[in-house]
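Next comes query29.cif, with mmCIF, N, CA and C atoms.
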data_upload
loop_
_atom_site.label_atom_id
_atom_site.label_comp_id
_atom_site.auth_asym_id
_atom_site.auth_seq_id
_atom_site.Cartn_x
_atom_site.Cartn_y
_atom_site.Cartn_z
N MET V 1 -5.96 23.71 -17.44
CA MET V 1 -7.01 22.86 -16.88
C MET V 1 -6.39 21.98 -15.78
N PRO V 2 -6.95 21.99 -14.59
CA PRO V 2 -6.36 21.23 -13.48
C PRO V 2 -6.68 19.73 -13.51
N PHE V 3 -5.88 19.00 -12.77
CA PHE V 3 -6.11 17.57 -12.56
C PHE V 3 -5.91 17.30 -11.07
N ASP V 4 -6.37 16.14 -10.63
CA ASP V 4 -6.27 15.77 -9.21
C ASP V 4 -4.91 15.14 -8.93
N LEU V 5 -4.34 15.50 -7.79
CA LEU V 5 -3.06 14.95 -7.36
C LEU V 5 -3.17 14.51 -5.92
N GLU V 6 -2.66 13.32 -5.63
CA GLU V 6 -2.58 12.82 -4.25
C GLU V 6 -1.16 12.37 -4.00
N ILE V 7 -0.65 12.71 -2.81
CA ILE V 7 0.65 12.22 -2.37
C ILE V 7 0.40 11.42 -1.11
N VAL V 8 0.82 10.15 -1.17
CA VAL V 8 0.55 9.21 -0.09
C VAL V 8 1.88 8.63 0.39
N SER V 9 2.04 8.55 1.71
CA SER V 9 3.20 7.86 2.29
C SER V 9 2.68 6.56 2.88
N PRO V 10 3.57 5.68 3.35
CA PRO V 10 3.08 4.44 3.96
C PRO V 10 2.17 4.69 5.16
N GLU V 11 2.34 5.84 5.83
CA GLU V 11 1.55 6.12 7.03
C GLU V 11 0.21 6.78 6.76
N LYS V 12 0.16 7.69 5.73
CA LYS V 12 -1.07 8.47 5.57
C LYS V 12 -1.12 9.20 4.24
N LEU V 13 -2.29 9.77 3.96
CA LEU V 13 -2.47 10.67 2.84
C LEU V 13 -1.86 12.01 3.23
N LEU V 14 -0.86 12.47 2.48
CA LEU V 14 -0.16 13.71 2.82
C LEU V 14 -0.77 14.92 2.15
N MET V 15 -1.29 14.74 0.93
CA MET V 15 -1.83 15.88 0.20
C MET V 15 -2.81 15.39 -0.85
N SER V 16 -3.88 16.15 -1.01
CA SER V 16 -4.85 15.89 -2.06
C SER V 16 -5.35 17.23 -2.55
N LYS V 17 -5.08 17.56 -3.81
CA LYS V 17 -5.48 18.87 -4.33
C LYS V 17 -5.51 18.85 -5.84
N SER V 18 -6.11 19.87 -6.41
CA SER V 18 -6.11 20.06 -7.85
C SER V 18 -4.95 20.96 -8.22
N VAL V 19 -4.20 20.57 -9.25
CA VAL V 19 -3.06 21.34 -9.70
C VAL V 19 -3.09 21.45 -11.22
N ASP V 20 -2.38 22.45 -11.73
CA ASP V 20 -2.27 22.63 -13.18
C ASP V 20 -1.12 21.80 -13.75
N MET V 21 -0.06 21.67 -12.96
CA MET V 21 1.10 20.92 -13.41
C MET V 21 1.84 20.35 -12.20
N ALA V 22 2.44 19.18 -12.40
CA ALA V 22 3.32 18.58 -11.39
C ALA V 22 4.62 18.22 -12.08
N VAL V 23 5.73 18.58 -11.44
CA VAL V 23 7.05 18.16 -11.92
C VAL V 23 7.55 17.11 -10.94
N LEU V 24 7.81 15.92 -11.46
CA LEU V 24 8.18 14.77 -10.64
C LEU V 24 9.65 14.40 -10.85
N PRO V 25 10.35 13.98 -9.79
CA PRO V 25 11.72 13.52 -9.94
C PRO V 25 11.75 12.05 -10.38
N ALA V 26 11.45 11.82 -11.65
CA ALA V 26 11.41 10.45 -12.16
C ALA V 26 12.83 9.88 -12.24
N ALA V 27 12.93 8.58 -12.20
CA ALA V 27 14.24 7.93 -12.23
C ALA V 27 15.04 8.32 -13.47
N GLU V 28 14.37 8.58 -14.57
CA GLU V 28 15.04 8.93 -15.82
C GLU V 28 15.28 10.43 -15.97
N GLY V 29 14.83 11.23 -15.00
CA GLY V 29 14.97 12.69 -15.07
C GLY V 29 13.67 13.35 -14.69
N GLU V 30 13.70 14.67 -14.56
CA GLU V 30 12.48 15.39 -14.18
C GLU V 30 11.42 15.22 -15.26
N MET V 31 10.17 15.08 -14.79
CA MET V 31 9.06 14.80 -15.69
C MET V 31 7.91 15.74 -15.38
N GLY V 32 7.49 16.53 -16.35
CA GLY V 32 6.34 17.40 -16.18
C GLY V 32 5.06 16.68 -16.55
N VAL V 33 4.03 16.87 -15.74
CA VAL V 33 2.74 16.23 -15.99
C VAL V 33 1.68 17.30 -16.08
N LEU V 34 0.92 17.28 -17.16
CA LEU V 34 -0.23 18.15 -17.36
C LEU V 34 -1.46 17.27 -17.55
N VAL V 35 -2.65 17.88 -17.45
CA VAL V 35 -3.88 17.13 -17.70
C VAL V 35 -3.80 16.52 -19.10
N GLY V 36 -4.30 15.30 -19.23
CA GLY V 36 -4.29 14.61 -20.52
C GLY V 36 -3.02 13.81 -20.77
N HIS V 37 -2.13 13.73 -19.77
CA HIS V 37 -0.88 12.99 -19.94
C HIS V 37 -1.18 11.52 -20.20
N ALA V 38 -0.33 10.87 -20.95
CA ALA V 38 -0.49 9.45 -21.23
C ALA V 38 -0.36 8.65 -19.92
N PRO V 39 -1.16 7.61 -19.77
CA PRO V 39 -1.08 6.79 -18.56
C PRO V 39 0.28 6.09 -18.44
N MET V 40 0.81 6.07 -17.24
CA MET V 40 2.06 5.36 -16.98
C MET V 40 2.31 5.24 -15.49
N ILE V 41 3.18 4.33 -15.14
CA ILE V 41 3.67 4.22 -13.77
C ILE V 41 5.15 4.53 -13.83
N VAL V 42 5.60 5.42 -12.95
CA VAL V 42 6.95 5.95 -13.00
C VAL V 42 7.66 5.70 -11.68
N LEU V 43 8.89 5.22 -11.74
CA LEU V 43 9.74 5.09 -10.57
C LEU V 43 10.29 6.47 -10.23
N LEU V 44 10.21 6.85 -8.95
CA LEU V 44 10.73 8.14 -8.51
C LEU V 44 12.06 7.95 -7.81
N ARG V 45 12.97 8.87 -8.06
CA ARG V 45 14.23 8.93 -7.34
C ARG V 45 14.11 10.00 -6.26
N GLY V 46 15.07 10.10 -5.40
CA GLY V 46 15.06 11.18 -4.42
C GLY V 46 15.11 12.52 -5.13
N GLY V 47 14.25 13.44 -4.74
CA GLY V 47 14.20 14.75 -5.37
C GLY V 47 13.01 15.54 -4.90
N VAL V 48 12.69 16.59 -5.63
CA VAL V 48 11.63 17.51 -5.23
C VAL V 48 10.48 17.45 -6.23
N ILE V 49 9.27 17.30 -5.69
CA ILE V 49 8.04 17.43 -6.48
C ILE V 49 7.62 18.88 -6.40
N LYS V 50 7.40 19.51 -7.55
CA LYS V 50 6.94 20.90 -7.59
C LYS V 50 5.54 20.92 -8.20
N LEU V 51 4.61 21.57 -7.49
CA LEU V 51 3.23 21.66 -7.93
C LEU V 51 2.92 23.09 -8.33
N THR V 52 2.25 23.24 -9.47
CA THR V 52 1.95 24.55 -10.01
C THR V 52 0.43 24.74 -10.12
N VAL V 53 -0.03 25.89 -9.66
CA VAL V 53 -1.42 26.30 -9.81
C VAL V 53 -1.41 27.76 -10.26
N GLY V 54 -2.15 28.05 -11.32
CA GLY V 54 -2.24 29.43 -11.79
C GLY V 54 -0.90 30.02 -12.23
N GLY V 55 0.00 29.19 -12.75
CA GLY V 55 1.28 29.66 -13.25
C GLY V 55 2.36 29.86 -12.20
N ALA V 56 2.06 29.55 -10.93
CA ALA V 56 3.05 29.72 -9.87
C ALA V 56 3.23 28.41 -9.11
N VAL V 57 4.46 28.13 -8.70
CA VAL V 57 4.72 26.95 -7.88
C VAL V 57 4.12 27.20 -6.50
N THR V 58 3.20 26.33 -6.10
CA THR V 58 2.50 26.50 -4.83
C THR V 58 3.03 25.58 -3.74
N ASP V 59 3.60 24.44 -4.13
CA ASP V 59 4.09 23.47 -3.16
C ASP V 59 5.35 22.82 -3.70
N SER V 60 6.31 22.60 -2.80
CA SER V 60 7.52 21.85 -3.12
C SER V 60 7.73 20.83 -2.02
N LEU V 61 7.78 19.56 -2.40
CA LEU V 61 7.95 18.48 -1.43
C LEU V 61 9.13 17.60 -1.83
N TYR V 62 9.99 17.32 -0.86
CA TYR V 62 11.08 16.37 -1.08
C TYR V 62 10.51 14.97 -0.92
N VAL V 63 10.86 14.07 -1.84
CA VAL V 63 10.54 12.66 -1.71
C VAL V 63 11.85 11.87 -1.78
N SER V 64 11.95 10.85 -0.97
CA SER V 64 13.18 10.06 -0.97
C SER V 64 13.13 8.97 -2.03
N GLY V 65 11.98 8.75 -2.62
CA GLY V 65 11.79 7.74 -3.65
C GLY V 65 10.33 7.30 -3.65
N GLY V 66 10.02 6.36 -4.50
CA GLY V 66 8.65 5.84 -4.56
C GLY V 66 8.22 5.62 -6.00
N PHE V 67 6.91 5.73 -6.22
CA PHE V 67 6.32 5.53 -7.54
C PHE V 67 5.26 6.59 -7.76
N ALA V 68 4.95 6.86 -9.01
CA ALA V 68 3.83 7.73 -9.35
C ALA V 68 3.00 7.03 -10.42
N GLU V 69 1.70 7.04 -10.21
CA GLU V 69 0.78 6.54 -11.23
C GLU V 69 0.16 7.76 -11.90
N VAL V 70 0.34 7.86 -13.20
CA VAL V 70 -0.15 9.00 -13.97
C VAL V 70 -1.27 8.52 -14.88
N THR V 71 -2.40 9.22 -14.84
CA THR V 71 -3.49 8.99 -15.79
C THR V 71 -3.82 10.34 -16.42
N PRO V 72 -4.68 10.39 -17.42
CA PRO V 72 -4.99 11.68 -18.04
C PRO V 72 -5.64 12.69 -17.09
N THR V 73 -6.25 12.23 -15.99
CA THR V 73 -6.95 13.15 -15.09
C THR V 73 -6.48 13.11 -13.64
N ARG V 74 -5.42 12.32 -13.37
CA ARG V 74 -5.01 12.14 -11.97
C ARG V 74 -3.55 11.70 -11.89
N VAL V 75 -2.88 12.15 -10.81
CA VAL V 75 -1.55 11.65 -10.47
C VAL V 75 -1.59 11.22 -9.01
N THR V 76 -1.15 9.99 -8.76
CA THR V 76 -1.04 9.49 -7.40
C THR V 76 0.42 9.16 -7.15
N VAL V 77 1.00 9.82 -6.17
CA VAL V 77 2.38 9.58 -5.79
C VAL V 77 2.40 8.71 -4.55
N LEU V 78 3.07 7.58 -4.63
CA LEU V 78 3.26 6.68 -3.49
C LEU V 78 4.71 6.88 -3.06
N ALA V 79 4.92 7.75 -2.09
CA ALA V 79 6.26 8.15 -1.68
C ALA V 79 6.76 7.34 -0.50
N THR V 80 8.00 6.93 -0.55
CA THR V 80 8.63 6.28 0.58
C THR V 80 8.65 7.23 1.76
N GLU V 81 8.94 8.49 1.47
CA GLU V 81 8.99 9.57 2.46
C GLU V 81 8.71 10.86 1.70
N ALA V 82 7.91 11.75 2.28
CA ALA V 82 7.64 13.04 1.67
C ALA V 82 7.63 14.11 2.75
N VAL V 83 8.35 15.22 2.49
CA VAL V 83 8.50 16.29 3.47
C VAL V 83 8.47 17.62 2.73
N GLU V 84 7.75 18.60 3.29
CA GLU V 84 7.78 19.95 2.72
C GLU V 84 9.23 20.42 2.67
N VAL V 85 9.64 21.02 1.57
CA VAL V 85 11.02 21.48 1.42
C VAL V 85 11.40 22.44 2.55
N ALA V 86 10.49 23.30 2.96
CA ALA V 86 10.79 24.27 4.02
C ALA V 86 11.12 23.60 5.34
N SER V 87 10.69 22.34 5.53
CA SER V 87 10.93 21.62 6.78
C SER V 87 12.21 20.78 6.77
N LEU V 88 12.89 20.74 5.64
CA LEU V 88 14.09 19.91 5.54
C LEU V 88 15.24 20.50 6.37
N VAL V 89 16.07 19.61 6.87
CA VAL V 89 17.25 20.00 7.64
C VAL V 89 18.47 19.43 6.93
N ARG V 90 19.35 20.33 6.51
CA ARG V 90 20.53 19.93 5.73
C ARG V 90 21.39 18.90 6.47
N SER V 91 21.54 19.06 7.79
CA SER V 91 22.39 18.13 8.55
C SER V 91 21.84 16.70 8.51
N GLU V 92 20.51 16.55 8.42
CA GLU V 92 19.92 15.21 8.29
C GLU V 92 20.35 14.59 6.97
N GLY V 93 20.37 15.38 5.91
CA GLY V 93 20.84 14.88 4.62
C GLY V 93 22.30 14.48 4.66
N THR V 94 23.11 15.26 5.37
CA THR V 94 24.53 14.94 5.50
C THR V 94 24.72 13.62 6.22
N LEU V 95 23.96 13.40 7.30
CA LEU V 95 24.04 12.13 8.03
C LEU V 95 23.62 10.95 7.14
N ARG V 96 22.56 11.15 6.38
CA ARG V 96 22.09 10.09 5.47
C ARG V 96 23.14 9.79 4.40
N LEU V 97 23.76 10.85 3.87
CA LEU V 97 24.76 10.66 2.84
C LEU V 97 25.96 9.88 3.38
N GLU V 98 26.41 10.24 4.57
CA GLU V 98 27.54 9.53 5.17
C GLU V 98 27.20 8.05 5.40
N ALA V 99 25.99 7.77 5.87
CA ALA V 99 25.57 6.38 6.09
C ALA V 99 25.50 5.62 4.77
N ALA V 100 24.99 6.25 3.72
CA ALA V 100 24.88 5.59 2.42
C ALA V 100 26.25 5.35 1.81
N GLU V 101 27.16 6.30 1.99
CA GLU V 101 28.53 6.11 1.49
C GLU V 101 29.22 4.95 2.21
N ALA V 102 28.99 4.84 3.51
CA ALA V 102 29.56 3.73 4.28
C ALA V 102 28.95 2.40 3.83
N GLU V 103 27.64 2.41 3.56
CA GLU V 103 26.97 1.20 3.08
C GLU V 103 27.55 0.77 1.73
N TYR V 104 27.78 1.74 0.87
CA TYR V 104 28.35 1.45 -0.46
C TYR V 104 29.77 0.88 -0.31
N ALA V 105 30.58 1.51 0.54
CA ALA V 105 31.96 1.07 0.73
C ALA V 105 32.02 -0.35 1.29
N ALA V 106 31.06 -0.70 2.14
CA ALA V 106 31.05 -2.02 2.77
C ALA V 106 30.40 -3.09 1.91
N ALA V 107 29.69 -2.68 0.86
CA ALA V 107 28.95 -3.65 0.04
C ALA V 107 29.89 -4.53 -0.77
N ASP V 108 29.45 -5.75 -0.99
CA ASP V 108 30.16 -6.68 -1.86
C ASP V 108 30.07 -6.11 -3.29
N LYS V 109 31.22 -5.83 -3.88
CA LYS V 109 31.24 -5.18 -5.20
C LYS V 109 30.71 -6.08 -6.32
N MET V 110 30.50 -7.35 -6.01
CA MET V 110 29.89 -8.27 -6.98
C MET V 110 28.37 -8.33 -6.84
N ASN V 111 27.84 -7.69 -5.79
CA ASN V 111 26.40 -7.70 -5.54
C ASN V 111 25.81 -6.40 -6.10
N THR V 112 25.38 -6.45 -7.35
CA THR V 112 24.89 -5.24 -8.00
C THR V 112 23.63 -4.68 -7.34
N ASP V 113 22.79 -5.53 -6.78
CA ASP V 113 21.59 -5.04 -6.09
C ASP V 113 21.96 -4.20 -4.88
N ALA V 114 22.93 -4.66 -4.10
CA ALA V 114 23.37 -3.90 -2.92
C ALA V 114 24.02 -2.59 -3.34
N LEU V 115 24.81 -2.62 -4.40
CA LEU V 115 25.45 -1.39 -4.89
C LEU V 115 24.41 -0.40 -5.40
N ASP V 116 23.42 -0.91 -6.15
CA ASP V 116 22.36 -0.03 -6.66
C ASP V 116 21.56 0.60 -5.53
N THR V 117 21.26 -0.19 -4.49
CA THR V 117 20.51 0.33 -3.35
C THR V 117 21.30 1.42 -2.64
N ALA V 118 22.58 1.18 -2.42
CA ALA V 118 23.42 2.18 -1.75
C ALA V 118 23.54 3.44 -2.61
N MET V 119 23.69 3.27 -3.92
CA MET V 119 23.77 4.44 -4.82
C MET V 119 22.48 5.24 -4.78
N ALA V 120 21.33 4.57 -4.77
CA ALA V 120 20.04 5.27 -4.71
C ALA V 120 19.93 6.05 -3.40
N LYS V 121 20.40 5.46 -2.30
CA LYS V 121 20.38 6.16 -1.02
C LYS V 121 21.29 7.38 -1.04
N MET V 122 22.44 7.26 -1.68
CA MET V 122 23.36 8.41 -1.78
C MET V 122 22.72 9.52 -2.62
N GLN V 123 22.10 9.15 -3.73
CA GLN V 123 21.46 10.15 -4.59
C GLN V 123 20.32 10.83 -3.85
N SER V 124 19.54 10.07 -3.11
CA SER V 124 18.42 10.62 -2.36
C SER V 124 18.90 11.58 -1.27
N ALA V 125 19.96 11.19 -0.57
CA ALA V 125 20.52 12.04 0.48
C ALA V 125 21.06 13.33 -0.11
N GLN V 126 21.73 13.24 -1.25
CA GLN V 126 22.26 14.45 -1.89
C GLN V 126 21.12 15.35 -2.35
N ALA V 127 20.03 14.77 -2.83
CA ALA V 127 18.86 15.57 -3.22
C ALA V 127 18.28 16.29 -2.02
N LEU V 128 18.26 15.65 -0.85
CA LEU V 128 17.77 16.28 0.38
C LEU V 128 18.68 17.46 0.72
N ILE V 129 20.00 17.26 0.67
CA ILE V 129 20.94 18.33 0.96
C ILE V 129 20.73 19.51 0.02
N ASP V 130 20.59 19.20 -1.28
CA ASP V 130 20.42 20.26 -2.28
C ASP V 130 19.12 21.01 -2.11
N ALA V 131 18.07 20.33 -1.67
CA ALA V 131 16.75 20.96 -1.54
C ALA V 131 16.57 21.72 -0.23
N ALA V 132 17.33 21.34 0.80
CA ALA V 132 17.15 21.94 2.14
C ALA V 132 17.50 23.42 2.11
N PRO V 133 16.71 24.21 2.83
CA PRO V 133 17.04 25.63 2.95
C PRO V 133 18.42 25.80 3.61
N ALA V 134 19.12 26.83 3.21
CA ALA V 134 20.44 27.09 3.82
C ALA V 134 20.28 27.32 5.31
N ALA V 135 21.21 26.77 6.07
CA ALA V 135 21.14 26.87 7.54
C ALA V 135 21.53 28.25 8.01
#

Could you spell out this file's structure in structure tokens?
Amino acid sequence: MPFDLEIVSPEKLLMSKSVDMAVLPAAEGEMGVLVGHAPMIVLLRGGVIKLTVGGAVTDSLYVSGGFAEVTPTRVTVLATEAVEVASLVRSEGTLRLEAAEAEYAAADKMNTDALDTAMAKMQSAQALIDAAPAA
């Protein structure tokens, strides 16, 4: 049984469709959502959202982070950035990873917020690299 899914970025509505299942890159690990799921708000890490219709994955989108609101009949993803996996460029991920590593190296090691932010950027960049089609 399908449910409604919307993926929104700060600029616009990126996708609105009915799906049978969504796999989200939640901060605590991948999370599968089916119709009737318990309501919750989930922090997303950098990774790939996979949407399934009729038993087949129909869409794969990289998100750099954000939140998802899950209800029994709807999922709304508020993504910091969302890009079709087929459009990803591995070299962009490499540049992001290098910048995040430099940010981490330069951060005050007593500032846990700065370290956590840099680590999240590194994880997101690595997820982009891993998801990008081979060059």

Restricting the calculation to only C-alpha atoms, which member of V:Glu11, V:Glu69, V:Asp108, V:Asp59 is positioned closest to V:Glu81?
-> V:Glu11

Reference answer for the PyMOL selection byres ((chain V and resi 90-94) around 7), as a list in words |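 Selected by the PyMOL selection byres ((chain V and resi 90-94) around 7) in this file: Leu88, Val89, Leu95, Arg96, Leu97, Glu98, Ala99, Ala125, Gln126, Leu128, Ile129, Ala132, Pro133 and Ala135 of chain V.
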
Can you list what the PyMOL selection byres (((chain V and resi 25 and name CA) around 7) and name CA) grabs from this structure, as a ChimeraX atom specification?
-> /V:23-24,26-27,29-31,44-49

Near-V:Leu78 list (8 Å; only C-alpha atoms; drop same-chain fewer than 4 positions) as a ChimeraX atom specification = /V:7-10,66-68

DSSP on the backbone: what in stretch 13-134 of chain V comes out strand (DSSP E), as a short mmCIF file (atom, residue, chain, number, x, y, z; two decimals) with N, CA and C atoms, keeping the file's coordinate frame?
data_model
loop_
_atom_site.label_atom_id
_atom_site.label_comp_id
_atom_site.auth_asym_id
_atom_site.auth_seq_id
_atom_site.Cartn_x
_atom_site.Cartn_y
_atom_site.Cartn_z
N LEU V 13 -2.29 9.77 3.96
CA LEU V 13 -2.47 10.67 2.84
C LEU V 13 -1.86 12.01 3.23
N LEU V 14 -0.86 12.47 2.48
CA LEU V 14 -0.16 13.71 2.82
C LEU V 14 -0.77 14.92 2.15
N MET V 15 -1.29 14.74 0.93
CA MET V 15 -1.83 15.88 0.20
C MET V 15 -2.81 15.39 -0.85
N SER V 16 -3.88 16.15 -1.01
CA SER V 16 -4.85 15.89 -2.06
C SER V 16 -5.35 17.23 -2.55
N LYS V 17 -5.08 17.56 -3.81
CA LYS V 17 -5.48 18.87 -4.33
C LYS V 17 -5.51 18.85 -5.84
N SER V 18 -6.11 19.87 -6.41
CA SER V 18 -6.11 20.06 -7.85
C SER V 18 -4.95 20.96 -8.22
N VAL V 19 -4.20 20.57 -9.25
CA VAL V 19 -3.06 21.34 -9.70
C VAL V 19 -3.09 21.45 -11.22
N MET V 21 -0.06 21.67 -12.96
CA MET V 21 1.10 20.92 -13.41
C MET V 21 1.84 20.35 -12.20
N ALA V 22 2.44 19.18 -12.40
CA ALA V 22 3.32 18.58 -11.39
C ALA V 22 4.62 18.22 -12.08
N VAL V 23 5.73 18.58 -11.44
CA VAL V 23 7.05 18.16 -11.92
C VAL V 23 7.55 17.11 -10.94
N LEU V 24 7.81 15.92 -11.46
CA LEU V 24 8.18 14.77 -10.64
C LEU V 24 9.65 14.40 -10.85
N PRO V 25 10.35 13.98 -9.79
CA PRO V 25 11.72 13.52 -9.94
C PRO V 25 11.75 12.05 -10.38
N ALA V 26 11.45 11.82 -11.65
CA ALA V 26 11.41 10.45 -12.16
C ALA V 26 12.83 9.88 -12.24
N GLY V 29 14.83 11.23 -15.00
CA GLY V 29 14.97 12.69 -15.07
C GLY V 29 13.67 13.35 -14.69
N GLU V 30 13.70 14.67 -14.56
CA GLU V 30 12.48 15.39 -14.18
C GLU V 30 11.42 15.22 -15.26
N MET V 31 10.17 15.08 -14.79
CA MET V 31 9.06 14.80 -15.69
C MET V 31 7.91 15.74 -15.38
N GLY V 32 7.49 16.53 -16.35
CA GLY V 32 6.34 17.40 -16.18
C GLY V 32 5.06 16.68 -16.55
N VAL V 33 4.03 16.87 -15.74
CA VAL V 33 2.74 16.23 -15.99
C VAL V 33 1.68 17.30 -16.08
N LEU V 34 0.92 17.28 -17.16
CA LEU V 34 -0.23 18.15 -17.36
C LEU V 34 -1.46 17.27 -17.55
N MET V 40 0.81 6.07 -17.24
CA MET V 40 2.06 5.36 -16.98
C MET V 40 2.31 5.24 -15.49
N ILE V 41 3.18 4.33 -15.14
CA ILE V 41 3.67 4.22 -13.77
C ILE V 41 5.15 4.53 -13.83
N VAL V 42 5.60 5.42 -12.95
CA VAL V 42 6.95 5.95 -13.00
C VAL V 42 7.66 5.70 -11.68
N LEU V 43 8.89 5.22 -11.74
CA LEU V 43 9.74 5.09 -10.57
C LEU V 43 10.29 6.47 -10.23
N LEU V 44 10.21 6.85 -8.95
CA LEU V 44 10.73 8.14 -8.51
C LEU V 44 12.06 7.95 -7.81
N GLY V 47 14.25 13.44 -4.74
CA GLY V 47 14.20 14.75 -5.37
C GLY V 47 13.01 15.54 -4.90
N VAL V 48 12.69 16.59 -5.63
CA VAL V 48 11.63 17.51 -5.23
C VAL V 48 10.48 17.45 -6.23
N ILE V 49 9.27 17.30 -5.69
CA ILE V 49 8.04 17.43 -6.48
C ILE V 49 7.62 18.88 -6.40
N LYS V 50 7.40 19.51 -7.55
CA LYS V 50 6.94 20.90 -7.59
C LYS V 50 5.54 20.92 -8.20
N LEU V 51 4.61 21.57 -7.49
CA LEU V 51 3.23 21.66 -7.93
C LEU V 51 2.92 23.09 -8.33
N THR V 52 2.25 23.24 -9.47
CA THR V 52 1.95 24.55 -10.01
C THR V 52 0.43 24.74 -10.12
N VAL V 53 -0.03 25.89 -9.66
CA VAL V 53 -1.42 26.30 -9.81
C VAL V 53 -1.41 27.76 -10.26
N ALA V 56 2.06 29.55 -10.93
CA ALA V 56 3.05 29.72 -9.87
C ALA V 56 3.23 28.41 -9.11
N VAL V 57 4.46 28.13 -8.70
CA VAL V 57 4.72 26.95 -7.88
C VAL V 57 4.12 27.20 -6.50
N THR V 58 3.20 26.33 -6.10
CA THR V 58 2.50 26.50 -4.83
C THR V 58 3.03 25.58 -3.74
N ASP V 59 3.60 24.44 -4.13
CA ASP V 59 4.09 23.47 -3.16
C ASP V 59 5.35 22.82 -3.70
N SER V 60 6.31 22.60 -2.80
CA SER V 60 7.52 21.85 -3.12
C SER V 60 7.73 20.83 -2.02
N LEU V 61 7.78 19.56 -2.40
CA LEU V 61 7.95 18.48 -1.43
C LEU V 61 9.13 17.60 -1.83
N TYR V 62 9.99 17.32 -0.86
CA TYR V 62 11.08 16.37 -1.08
C TYR V 62 10.51 14.97 -0.92
N VAL V 63 10.86 14.07 -1.84
CA VAL V 63 10.54 12.66 -1.71
C VAL V 63 11.85 11.87 -1.78
N GLY V 66 10.02 6.36 -4.50
CA GLY V 66 8.65 5.84 -4.56
C GLY V 66 8.22 5.62 -6.00
N PHE V 67 6.91 5.73 -6.22
CA PHE V 67 6.32 5.53 -7.54
C PHE V 67 5.26 6.59 -7.76
N ALA V 68 4.95 6.86 -9.01
CA ALA V 68 3.83 7.73 -9.35
C ALA V 68 3.00 7.03 -10.42
N GLU V 69 1.70 7.04 -10.21
CA GLU V 69 0.78 6.54 -11.23
C GLU V 69 0.16 7.76 -11.90
N VAL V 70 0.34 7.86 -13.20
CA VAL V 70 -0.15 9.00 -13.97
C VAL V 70 -1.27 8.52 -14.88
N THR V 71 -2.40 9.22 -14.84
CA THR V 71 -3.49 8.99 -15.79
C THR V 71 -3.82 10.34 -16.42
N ARG V 74 -5.42 12.32 -13.37
CA ARG V 74 -5.01 12.14 -11.97
C ARG V 74 -3.55 11.70 -11.89
N VAL V 75 -2.88 12.15 -10.81
CA VAL V 75 -1.55 11.65 -10.47
C VAL V 75 -1.59 11.22 -9.01
N THR V 76 -1.15 9.99 -8.76
CA THR V 76 -1.04 9.49 -7.40
C THR V 76 0.42 9.16 -7.15
N VAL V 77 1.00 9.82 -6.17
CA VAL V 77 2.38 9.58 -5.79
C VAL V 77 2.40 8.71 -4.55
N LEU V 78 3.07 7.58 -4.63
CA LEU V 78 3.26 6.68 -3.49
C LEU V 78 4.71 6.88 -3.06
N ALA V 79 4.92 7.75 -2.09
CA ALA V 79 6.26 8.15 -1.68
C ALA V 79 6.76 7.34 -0.50
N ALA V 82 7.91 11.75 2.28
CA ALA V 82 7.64 13.04 1.67
C ALA V 82 7.63 14.11 2.75
N VAL V 83 8.35 15.22 2.49
CA VAL V 83 8.50 16.29 3.47
C VAL V 83 8.47 17.62 2.73
N GLU V 84 7.75 18.60 3.29
CA GLU V 84 7.78 19.95 2.72
C GLU V 84 9.23 20.42 2.67
#

Which of these residues is nearest to V:Asp4, using only C-alpha atoms: V:Val19, V:Ile41, V:Ala134, V:Val33?
->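 Answer, going by the shortest atom-to-atom distance: V:Val19.
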
Mind giving me the straight-line distance from atom CA of V:Leu115 to atom CA of V:Val85 in Å, one decimal?
-> 27.8 Å
